[in-house]
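S.K.: This is start02.cif, which holds mmCIF, C-alpha atoms:
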```
data_my_file
#
loop_
_atom_site.label_atom_id
_atom_site.label_comp_id
_atom_site.auth_asym_id
_atom_site.auth_seq_id
_atom_site.Cartn_x
_atom_site.Cartn_y
_atom_site.Cartn_z
CA MET A 834 -39.66 -4.14 14.31
CA SER A 835 -39.71 -3.95 10.49
CA ILE A 836 -37.48 -0.95 9.84
CA TYR A 837 -35.69 -0.50 6.53
CA LEU A 838 -33.41 2.24 5.24
CA GLY A 839 -33.62 3.37 1.61
CA LEU A 840 -30.84 5.14 -0.30
CA MET A 841 -31.21 6.97 -3.59
CA SER A 842 -28.61 8.73 -5.73
CA GLY A 843 -30.16 10.00 -8.94
CA THR A 844 -29.06 11.21 -12.35
CA SER A 845 -28.67 14.78 -11.12
CA MET A 846 -26.29 13.73 -8.31
CA ASP A 847 -27.60 16.58 -6.18
CA ALA A 848 -27.56 14.54 -2.96
CA ILE A 849 -27.66 11.11 -1.35
CA ASP A 850 -31.25 10.81 -0.19
CA ALA A 851 -31.90 8.49 2.74
CA ALA A 852 -35.15 7.46 4.42
CA LEU A 853 -35.72 5.34 7.51
CA VAL A 854 -39.08 3.62 7.21
CA ASP A 855 -41.14 1.55 9.66
CA PHE A 856 -43.35 -0.98 7.87
CA ASP A 857 -45.00 -2.23 11.04
CA VAL A 858 -47.39 0.70 10.58
CA SER A 859 -49.76 0.39 7.60
CA PRO A 860 -48.81 1.26 4.91
CA PHE A 861 -45.63 2.63 6.56
CA ARG A 862 -44.26 5.42 8.73
CA VAL A 863 -41.28 7.55 7.78
CA ILE A 864 -39.17 7.79 10.93
CA ALA A 865 -36.58 10.18 9.51
CA ALA A 866 -35.13 11.31 6.19
CA SER A 867 -32.08 13.24 5.05
CA ALA A 868 -30.35 14.63 1.98
CA THR A 869 -26.55 14.51 2.19
CA PRO A 870 -24.77 16.58 -0.47
CA PHE A 871 -22.16 14.77 -2.52
CA GLU A 872 -18.58 15.53 -1.60
CA PRO A 873 -17.67 17.91 -4.48
CA GLY A 874 -14.51 16.06 -5.50
CA LEU A 875 -16.30 12.72 -5.67
CA LYS A 876 -19.15 14.25 -7.65
CA ARG A 877 -16.68 15.71 -10.17
CA ARG A 878 -14.96 12.35 -10.57
CA ILE A 879 -18.25 10.51 -11.15
CA ALA A 880 -19.33 13.18 -13.65
CA ALA A 881 -16.01 12.80 -15.47
CA ILE A 882 -16.65 9.06 -15.87
CA LEU A 883 -20.20 9.69 -17.09
CA ASP A 884 -19.18 12.39 -19.55
CA HIS A 885 -16.01 10.70 -20.85
CA ALA A 886 -16.98 7.04 -20.85
CA ASP A 887 -14.60 6.19 -23.69
CA SER A 888 -11.51 7.05 -21.62
CA VAL A 889 -12.32 5.62 -18.18
CA ALA A 890 -9.41 4.19 -16.20
CA LEU A 891 -10.36 0.89 -14.55
CA ASP A 892 -8.45 1.79 -11.38
CA GLU A 893 -10.43 5.02 -11.08
CA LEU A 894 -13.71 3.22 -11.65
CA GLY A 895 -12.95 0.57 -9.06
CA GLN A 896 -11.96 3.13 -6.44
CA ILE A 897 -15.02 5.30 -7.03
CA ASP A 898 -17.25 2.24 -6.64
CA VAL A 899 -15.88 1.79 -3.11
CA GLU A 900 -15.63 5.49 -2.21
CA LEU A 901 -19.25 6.05 -3.20
CA ALA A 902 -20.29 3.14 -0.96
CA LYS A 903 -18.43 4.79 1.91
CA SER A 904 -20.44 7.96 1.31
CA PHE A 905 -23.64 5.89 1.32
CA ALA A 906 -22.58 4.32 4.62
CA GLN A 907 -21.79 7.66 6.21
CA ALA A 908 -25.17 9.06 5.16
CA SER A 909 -26.91 5.97 6.55
CA LEU A 910 -25.11 6.06 9.90
CA ALA A 911 -25.71 9.80 10.27
CA LEU A 912 -29.43 9.32 9.69
CA LEU A 913 -29.54 6.56 12.30
CA ARG A 914 -27.71 8.73 14.83
CA ASP A 915 -30.12 11.59 14.24
CA ALA A 916 -33.05 9.23 14.72
CA GLY A 917 -31.58 7.83 17.92
CA LEU A 918 -31.40 4.29 16.54
CA GLY A 919 -28.61 1.78 16.16
CA PRO A 920 -27.78 -0.43 13.18
CA GLY A 921 -29.32 -3.42 14.95
CA CYS A 922 -32.77 -1.85 14.59
CA VAL A 923 -32.62 -1.94 10.78
CA SER A 924 -33.58 -5.10 8.90
CA ALA A 925 -31.81 -4.01 5.72
CA ILE A 926 -30.64 -1.11 3.59
CA GLY A 927 -32.06 -0.81 0.07
CA SER A 928 -29.41 0.92 -2.05
CA HIS A 929 -30.17 2.04 -5.59
CA GLY A 930 -26.56 3.01 -6.28
CA GLN A 931 -25.35 5.52 -8.86
CA THR A 932 -26.19 4.72 -12.46
CA LEU A 933 -23.07 4.77 -14.63
CA ARG A 934 -24.67 3.49 -17.79
CA HIS A 935 -28.19 2.53 -18.83
CA ARG A 936 -28.35 0.90 -22.27
CA PRO A 937 -31.40 -1.33 -22.68
CA ASP A 938 -31.36 -0.38 -26.38
CA LEU A 939 -28.14 -2.24 -27.31
CA PRO A 940 -28.04 -5.68 -28.97
CA THR A 941 -26.79 -6.93 -25.59
CA PRO A 942 -28.77 -4.69 -23.22
CA PHE A 943 -27.46 -3.76 -19.80
CA THR A 944 -27.78 -1.32 -16.94
CA TRP A 945 -25.02 -0.61 -14.40
CA GLN A 946 -25.14 0.98 -10.96
CA ILE A 947 -22.14 1.39 -8.63
CA GLY A 948 -21.73 1.90 -4.86
CA ASP A 949 -20.22 -1.39 -3.65
CA PRO A 950 -22.80 -3.13 -1.40
CA ASN A 951 -20.05 -5.21 0.23
CA THR A 952 -18.43 -2.05 1.57
CA LEU A 953 -21.80 -0.63 2.56
CA THR A 954 -22.73 -3.64 4.68
CA GLU A 955 -19.26 -3.84 6.29
CA MET A 956 -19.27 -0.16 7.27
CA THR A 957 -22.83 -0.08 8.60
CA GLY A 958 -23.19 -3.56 10.08
CA ILE A 959 -26.51 -3.88 8.23
CA THR A 960 -27.66 -6.32 5.56
CA VAL A 961 -27.88 -4.62 2.15
CA ALA A 962 -30.15 -5.25 -0.84
CA ALA A 963 -28.77 -3.68 -4.01
CA ASP A 964 -28.48 -4.01 -7.80
CA PHE A 965 -32.25 -3.79 -8.35
CA ARG A 966 -32.37 -3.09 -12.08
CA ARG A 967 -30.35 -5.81 -13.77
CA ARG A 968 -32.74 -8.70 -13.06
CA ASP A 969 -35.49 -6.88 -14.94
CA VAL A 970 -33.15 -6.33 -17.91
CA ALA A 971 -32.18 -9.99 -17.82
CA ALA A 972 -35.91 -10.81 -18.04
CA GLY A 973 -36.20 -8.74 -21.21
CA GLY A 974 -37.26 -5.47 -19.58
CA GLN A 975 -36.00 -1.92 -19.67
CA GLY A 976 -34.86 -2.00 -16.03
CA ALA A 977 -36.55 1.39 -15.64
CA PRO A 978 -38.54 3.04 -14.39
CA LEU A 979 -38.84 0.92 -11.25
CA LEU A 980 -40.86 3.31 -9.09
CA PRO A 981 -44.28 2.67 -10.70
CA VAL A 982 -44.80 -0.53 -8.69
CA PHE A 983 -44.20 1.40 -5.45
CA HIS A 984 -46.37 4.27 -6.68
CA ASP A 985 -49.12 1.73 -7.34
CA TYR A 986 -48.77 0.48 -3.75
CA VAL A 987 -48.96 3.86 -2.09
CA PHE A 988 -50.76 6.27 -4.44
CA ARG A 989 -53.50 4.30 -6.24
CA SER A 990 -57.01 5.69 -5.68
CA ASP A 991 -60.47 4.20 -6.14
CA SER A 992 -61.94 7.64 -6.77
CA GLU A 993 -59.40 9.37 -9.02
CA ASP A 994 -57.25 8.54 -12.02
CA ARG A 995 -53.71 9.64 -11.20
CA VAL A 996 -50.34 10.17 -12.84
CA ILE A 997 -47.26 10.34 -10.62
CA CYS A 998 -44.44 12.28 -12.28
CA ASN A 999 -40.92 11.97 -10.94
CA LEU A 1000 -38.93 15.02 -12.05
CA GLY A 1001 -35.38 13.89 -11.47
CA GLY A 1002 -32.53 14.19 -13.94
CA ILE A 1003 -34.78 12.18 -16.23
CA ALA A 1004 -38.57 12.56 -16.01
CA ASN A 1005 -40.81 9.55 -15.77
CA ILE A 1006 -44.50 9.00 -15.20
CA THR A 1007 -46.57 6.31 -13.51
CA ILE A 1008 -50.11 5.89 -14.82
CA LEU A 1009 -52.62 4.80 -12.17
CA GLN A 1010 -55.98 4.62 -13.89
CA ARG A 1011 -58.82 2.96 -12.03
CA ASP A 1012 -59.39 -0.70 -12.89
CA THR A 1013 -56.25 -0.71 -15.09
CA THR A 1014 -52.87 -2.33 -14.51
CA VAL A 1015 -50.08 0.09 -13.65
CA THR A 1016 -47.96 1.38 -16.52
CA GLY A 1017 -45.22 3.99 -16.81
CA PHE A 1018 -42.16 5.13 -18.73
CA ASP A 1019 -39.45 7.77 -19.02
CA THR A 1020 -40.86 10.79 -20.85
CA GLY A 1021 -37.48 12.43 -21.54
CA PRO A 1022 -35.23 14.89 -19.71
CA GLY A 1023 -36.28 16.27 -16.37
CA ASN A 1024 -33.73 18.52 -14.66
CA ARG A 1025 -30.66 17.11 -16.41
CA LEU A 1026 -30.31 19.59 -19.28
CA LEU A 1027 -31.55 22.51 -17.19
CA ASP A 1028 -28.91 21.83 -14.54
CA ALA A 1029 -26.14 21.31 -17.09
CA TRP A 1030 -26.93 24.55 -18.93
CA ILE A 1031 -27.08 26.78 -15.86
CA SER A 1032 -23.91 25.14 -14.52
CA LEU A 1033 -22.13 25.99 -17.77
CA HIS A 1034 -23.26 29.61 -17.89
CA GLN A 1035 -23.74 30.64 -14.25
CA SER A 1036 -21.79 28.02 -12.27
CA LYS A 1037 -24.93 27.12 -10.32
CA GLU A 1038 -26.11 23.63 -9.43
CA TYR A 1039 -29.70 24.29 -10.54
CA ASP A 1040 -32.12 27.03 -11.55
CA ALA A 1041 -33.92 27.75 -8.26
CA ASP A 1042 -37.67 28.18 -8.90
CA GLY A 1043 -36.86 28.56 -12.59
CA ALA A 1044 -35.77 32.13 -11.84
CA TRP A 1045 -33.16 32.32 -14.62
CA ALA A 1046 -35.52 30.74 -17.14
CA ARG A 1047 -38.04 33.50 -16.34
CA THR A 1048 -35.55 36.09 -17.61
CA GLY A 1049 -35.51 34.43 -21.04
CA GLN A 1050 -38.01 33.68 -23.75
CA CYS A 1051 -38.84 30.30 -25.20
CA ASP A 1052 -37.42 29.95 -28.71
CA ASP A 1053 -40.07 28.07 -30.69
CA THR A 1054 -37.61 27.12 -33.43
CA LEU A 1055 -35.21 25.57 -30.94
CA LEU A 1056 -38.10 23.92 -29.11
CA ALA A 1057 -39.18 22.25 -32.34
CA GLN A 1058 -35.61 21.02 -32.87
CA LEU A 1059 -35.49 19.59 -29.37
CA ARG A 1060 -38.81 17.82 -29.83
CA ASP A 1061 -37.58 16.31 -33.08
CA GLU A 1062 -36.02 13.43 -31.17
CA PRO A 1063 -37.00 9.87 -32.17
CA TYR A 1064 -37.09 8.65 -28.56
CA LEU A 1065 -40.05 10.91 -27.81
CA SER A 1066 -42.27 9.20 -30.37
CA LEU A 1067 -41.40 5.65 -29.31
CA ALA A 1068 -44.22 3.66 -27.77
CA PRO A 1069 -43.70 2.41 -24.21
CA PRO A 1070 -42.20 0.45 -22.59
CA LYS A 1071 -39.18 2.71 -22.90
CA SER A 1072 -36.49 4.27 -20.74
CA THR A 1073 -33.64 6.69 -21.30
CA GLY A 1074 -30.88 8.56 -19.50
CA ARG A 1075 -27.97 10.92 -19.85
CA GLU A 1076 -26.54 8.58 -22.49
CA LEU A 1077 -29.00 10.35 -24.82
CA PHE A 1078 -30.03 13.61 -23.21
CA ASN A 1079 -26.68 15.26 -22.57
CA MET A 1080 -24.70 18.33 -23.58
CA PRO A 1081 -23.42 16.89 -26.90
CA TRP A 1082 -27.04 16.14 -27.79
CA LEU A 1083 -28.08 19.69 -26.87
CA ASN A 1084 -25.18 21.21 -28.80
CA SER A 1085 -26.20 19.23 -31.86
CA LYS A 1086 -29.65 20.82 -31.60
CA LEU A 1087 -28.28 24.32 -31.05
CA GLY A 1088 -26.21 24.08 -34.21
CA LEU A 1089 -24.69 27.30 -35.49
CA PHE A 1090 -27.49 29.56 -34.25
CA SER A 1091 -26.61 32.22 -31.68
CA ARG A 1092 -29.06 32.41 -28.80
CA ARG A 1093 -29.02 34.16 -25.45
CA PRO A 1094 -28.21 31.63 -22.70
CA GLN A 1095 -31.32 32.60 -20.73
CA ASP A 1096 -33.48 31.95 -23.80
CA VAL A 1097 -31.99 28.47 -24.10
CA GLN A 1098 -32.79 27.89 -20.41
CA ALA A 1099 -36.38 29.02 -20.93
CA THR A 1100 -36.65 26.73 -23.94
CA LEU A 1101 -35.20 23.75 -22.08
CA GLN A 1102 -37.71 24.30 -19.30
CA GLN A 1103 -40.55 24.34 -21.82
CA PHE A 1104 -39.10 21.24 -23.47
CA THR A 1105 -39.25 19.24 -20.25
CA ALA A 1106 -42.76 20.54 -19.53
CA ALA A 1107 -43.99 19.82 -23.05
CA THR A 1108 -42.69 16.24 -23.11
CA VAL A 1109 -44.25 15.44 -19.72
CA ALA A 1110 -47.55 17.09 -20.69
CA ALA A 1111 -47.69 15.33 -24.06
CA ALA A 1112 -47.20 11.94 -22.38
CA VAL A 1113 -49.99 12.64 -19.87
CA ARG A 1114 -52.42 13.90 -22.52
CA ARG A 1115 -51.76 10.88 -24.71
CA HIS A 1116 -51.75 8.10 -22.13
CA ALA A 1117 -53.86 9.39 -19.22
CA PRO A 1118 -56.14 12.23 -20.38
CA GLY A 1119 -58.08 13.72 -17.51
CA ALA A 1120 -55.88 12.22 -14.79
CA ALA A 1121 -54.68 14.31 -11.86
CA LEU A 1122 -50.92 14.84 -11.93
CA TYR A 1123 -48.82 14.61 -8.76
CA VAL A 1124 -45.14 15.56 -8.93
CA CYS A 1125 -42.15 14.40 -6.89
CA GLY A 1126 -38.37 14.66 -7.22
CA GLY A 1127 -36.13 17.71 -7.27
CA GLY A 1128 -38.11 19.33 -10.09
CA ALA A 1129 -41.12 19.59 -7.78
CA HIS A 1130 -39.44 22.70 -6.35
CA ASN A 1131 -39.08 24.43 -9.73
CA LEU A 1132 -42.18 26.61 -9.78
CA GLY A 1133 -41.56 27.77 -13.34
CA LEU A 1134 -41.39 24.18 -14.54
CA LEU A 1135 -44.53 23.19 -12.63
CA GLU A 1136 -46.43 26.16 -14.04
CA ALA A 1137 -45.41 25.16 -17.57
CA ILE A 1138 -46.51 21.57 -16.98
CA ALA A 1139 -49.81 22.76 -15.51
CA ARG A 1140 -50.47 24.84 -18.63
CA GLY A 1141 -49.72 21.81 -20.77
CA VAL A 1142 -52.17 19.48 -19.00
CA ALA A 1143 -54.89 22.04 -18.12
CA PRO A 1144 -57.53 21.63 -16.80
CA ASN A 1145 -56.10 18.56 -15.04
CA ARG A 1146 -55.12 19.03 -11.42
CA VAL A 1147 -51.37 19.43 -10.78
CA ALA A 1148 -49.94 19.17 -7.27
CA SER A 1149 -46.99 17.83 -5.32
CA THR A 1150 -47.11 14.35 -3.80
CA ALA A 1151 -47.19 16.24 -0.49
CA ALA A 1152 -50.92 16.55 -1.21
CA LEU A 1153 -51.04 12.75 -0.98
CA GLY A 1154 -49.06 12.71 2.26
CA LEU A 1155 -45.55 11.98 0.97
CA ASP A 1156 -42.66 14.45 0.84
CA PRO A 1157 -41.69 14.84 -2.85
CA ASP A 1158 -38.00 14.92 -1.93
CA PHE A 1159 -37.95 11.41 -0.45
CA VAL A 1160 -40.40 9.31 -2.48
CA GLU A 1161 -37.53 7.47 -4.19
CA ALA A 1162 -35.56 6.80 -1.00
CA ILE A 1163 -38.71 5.48 0.69
CA ALA A 1164 -39.33 3.30 -2.34
CA PHE A 1165 -35.92 1.64 -2.07
CA ALA A 1166 -36.55 0.88 1.59
CA TRP A 1167 -39.76 -0.82 0.38
CA PHE A 1168 -37.83 -2.66 -2.36
CA ALA A 1169 -35.36 -3.96 0.23
CA ARG A 1170 -38.20 -5.30 2.33
CA ARG A 1171 -39.76 -7.02 -0.68
CA THR A 1172 -36.42 -8.56 -1.64
CA LEU A 1173 -35.74 -9.97 1.82
CA GLU A 1174 -39.26 -11.37 2.00
CA GLY A 1175 -38.90 -13.03 -1.40
CA LEU A 1176 -41.60 -10.91 -3.03
CA THR A 1177 -41.62 -9.40 -6.51
CA SER A 1178 -41.25 -5.65 -6.96
CA SER A 1179 -41.30 -5.15 -10.73
CA ALA A 1180 -44.04 -5.21 -13.35
CA GLY A 1181 -43.78 -6.36 -16.94
CA SER A 1182 -46.61 -3.94 -17.77
CA VAL A 1183 -44.15 -1.11 -17.02
CA THR A 1184 -40.76 -2.33 -18.23
CA GLY A 1185 -41.72 -4.91 -20.82
CA ALA A 1186 -40.03 -7.76 -18.92
CA ALA A 1187 -41.34 -11.31 -19.21
CA GLY A 1188 -43.03 -10.89 -15.84
CA ALA A 1189 -42.70 -9.66 -12.28
CA ARG A 1190 -39.38 -10.51 -10.66
CA ILE A 1191 -37.75 -10.47 -7.23
CA LEU A 1192 -35.24 -7.66 -7.67
CA GLY A 1193 -31.83 -7.12 -6.12
CA GLY A 1194 -29.03 -9.14 -4.60
CA VAL A 1195 -28.75 -9.56 -0.83
CA TYR A 1196 -25.47 -8.93 1.01
CA ARG A 1197 -25.99 -10.22 4.55
CA TYR A 1198 -24.04 -8.86 7.47
CA ALA A 1199 -22.70 -11.68 9.60
#
```
As structure tokens, please, write out the structure in this file.

M.R.:
Amino acid sequence: MSIYLGLMSGTSMDAIDAALVDFDVSPFRVIAASATPFEPGLKRRIAAILDHADSVALDELGQIDVELAKSFAQASLALLRDAGLGPGCVSAIGSHGQTLRHRPDLPTPFTWQIGDPNTLTEMTGITVAADFRRRDVAAGGQGAPLLPVFHDYVFRSDSEDRVICNLGGIANITILQRDTTVTGFDTGPGNRLLDAWISLHQSKEYDADGAWARTGQCDDTLLAQLRDEPYLSLAPPKSTGRELFNMPWLNSKLGLFSRRPQDVQATLQQFTAATVAAAVRRHAPGAALYVCGGGAHNLGLLEAIARGVAPNRVASTAALGLDPDFVEAIAFAWFARRTLEGLTSSAGSVTGAAGARILGGVYRYA
């Protein structure tokens, strides 16, 4: 059997997504999938490191690296129990890890994900493939987005030009135009600013269906300030993260103006929609747009994106047969398989690297 388990923990830190995938069936069969919420205390500690990077204690960082891996292991073992399978049935776990810092723009570029794979393999008894991004950076690439190569494998069509949009904490698109090599890039913020703003003002994790944003009005002046961000006009390949799109960045845009919180939420929603739509119109005009990630459940956001790309079709990846909540976890199961088989799983056409590379380190259980 060729069964792999993929783990994904994204910028939003809403859950540890896990998918158990059988690759003996073409192109694959999802056996089971789960979303395990972060333990609140661990989530707060990771957020504190992300938001206060200049004052991180090394002891705290080292412990969180291991504790996060334990959470990954528990999510993996729970999924296997629910599926009625043992660790011996799984060829490997593909673990993305939690991104602490993504800085491909520095003179010495780097990207850094934690979730100790040594602990993960010891606790599960399963070989682990991890640390997928750094090889691409070492080859001169952005290290992100990685998903376009998987999207190309599973979503490419001979009859339709497509864009796959992942609406996670950061939004990115994959461009799948017929007879053209795959490309893709981060368009800007996805759910990150929306989640941070509603957490600040309503103590909620996210704006369900964009309900709070609907109570506000988009502020065109603020929207123009948000869109006046140099990153947005950069040509791809490019990638970004919460190192740029964060609350200090938003506060710098808000300035001294007084605005109703719900109006800011409505404007942030339109900002995400406008940046995604602008990227699609510029790089893949006429392509159908299929959305995955947590933002696929925000109806207000999807409606705003649909208005921005009209008359292009907009739908969830469910229309293509893949649950939008687990596309990334499935992808990292696929990455693990490619790594163990010695096959490349990156594309220089996406990240700007010198070429395709075999990604990830392998931590064998023995």

S.K.: Which is closest to Ala1004 in chain A among A:Gly958, A:Pro1063, A:Pro860, A:Gly843, if we use all atoms listed in the file?

M.R.: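 Among the listed residues, A:Gly843 lies closest to Ala1004 in chain A.
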
S.K.: Decode the PyMOL selection byres ((chain A and resi 1168) around 12) for the given file into explicit residues and return them as a count of residues only.

M.R.: 49

S.K.: Quick one: distance from CA of Arg1197 in chain A to CA of Arg934 in chain A in Å, one decimal?

M.R.: 26.2 Å

S.K.: Do you know which residues lie at most 9 Å from (-33.8, 12.3, -12.0), with coordinates as in the file and only C-alpha atoms counted, and could you write them as a list in words?

M.R.: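 I get Ser842, Gly843, Thr844, Ser845, Met846, Asn999, Leu1000, Gly1001, Gly1002, Ile1003, Ala1004, Asn1005, Pro1022, Gly1023, Asn1024, Arg1025, Gly1074, Gly1126, Gly1127 and Gly1128 of chain A for the residues within 9 Å of that point.
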
S.K.: Report, in Å to a single decimal, how far apart CA of Leu1027 in chain A and CA of Phe1104 in chain A are.

M.R.: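 Between these atoms lies a distance of 9.9 Å.
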
S.K.: What is the CA of His1130 in chain A to CA of Gln975 in chain A distance in Å?

M.R.: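 According to the coordinates, CA of His1130 in chain A and CA of Gln975 in chain A are separated by 28.2 Å.
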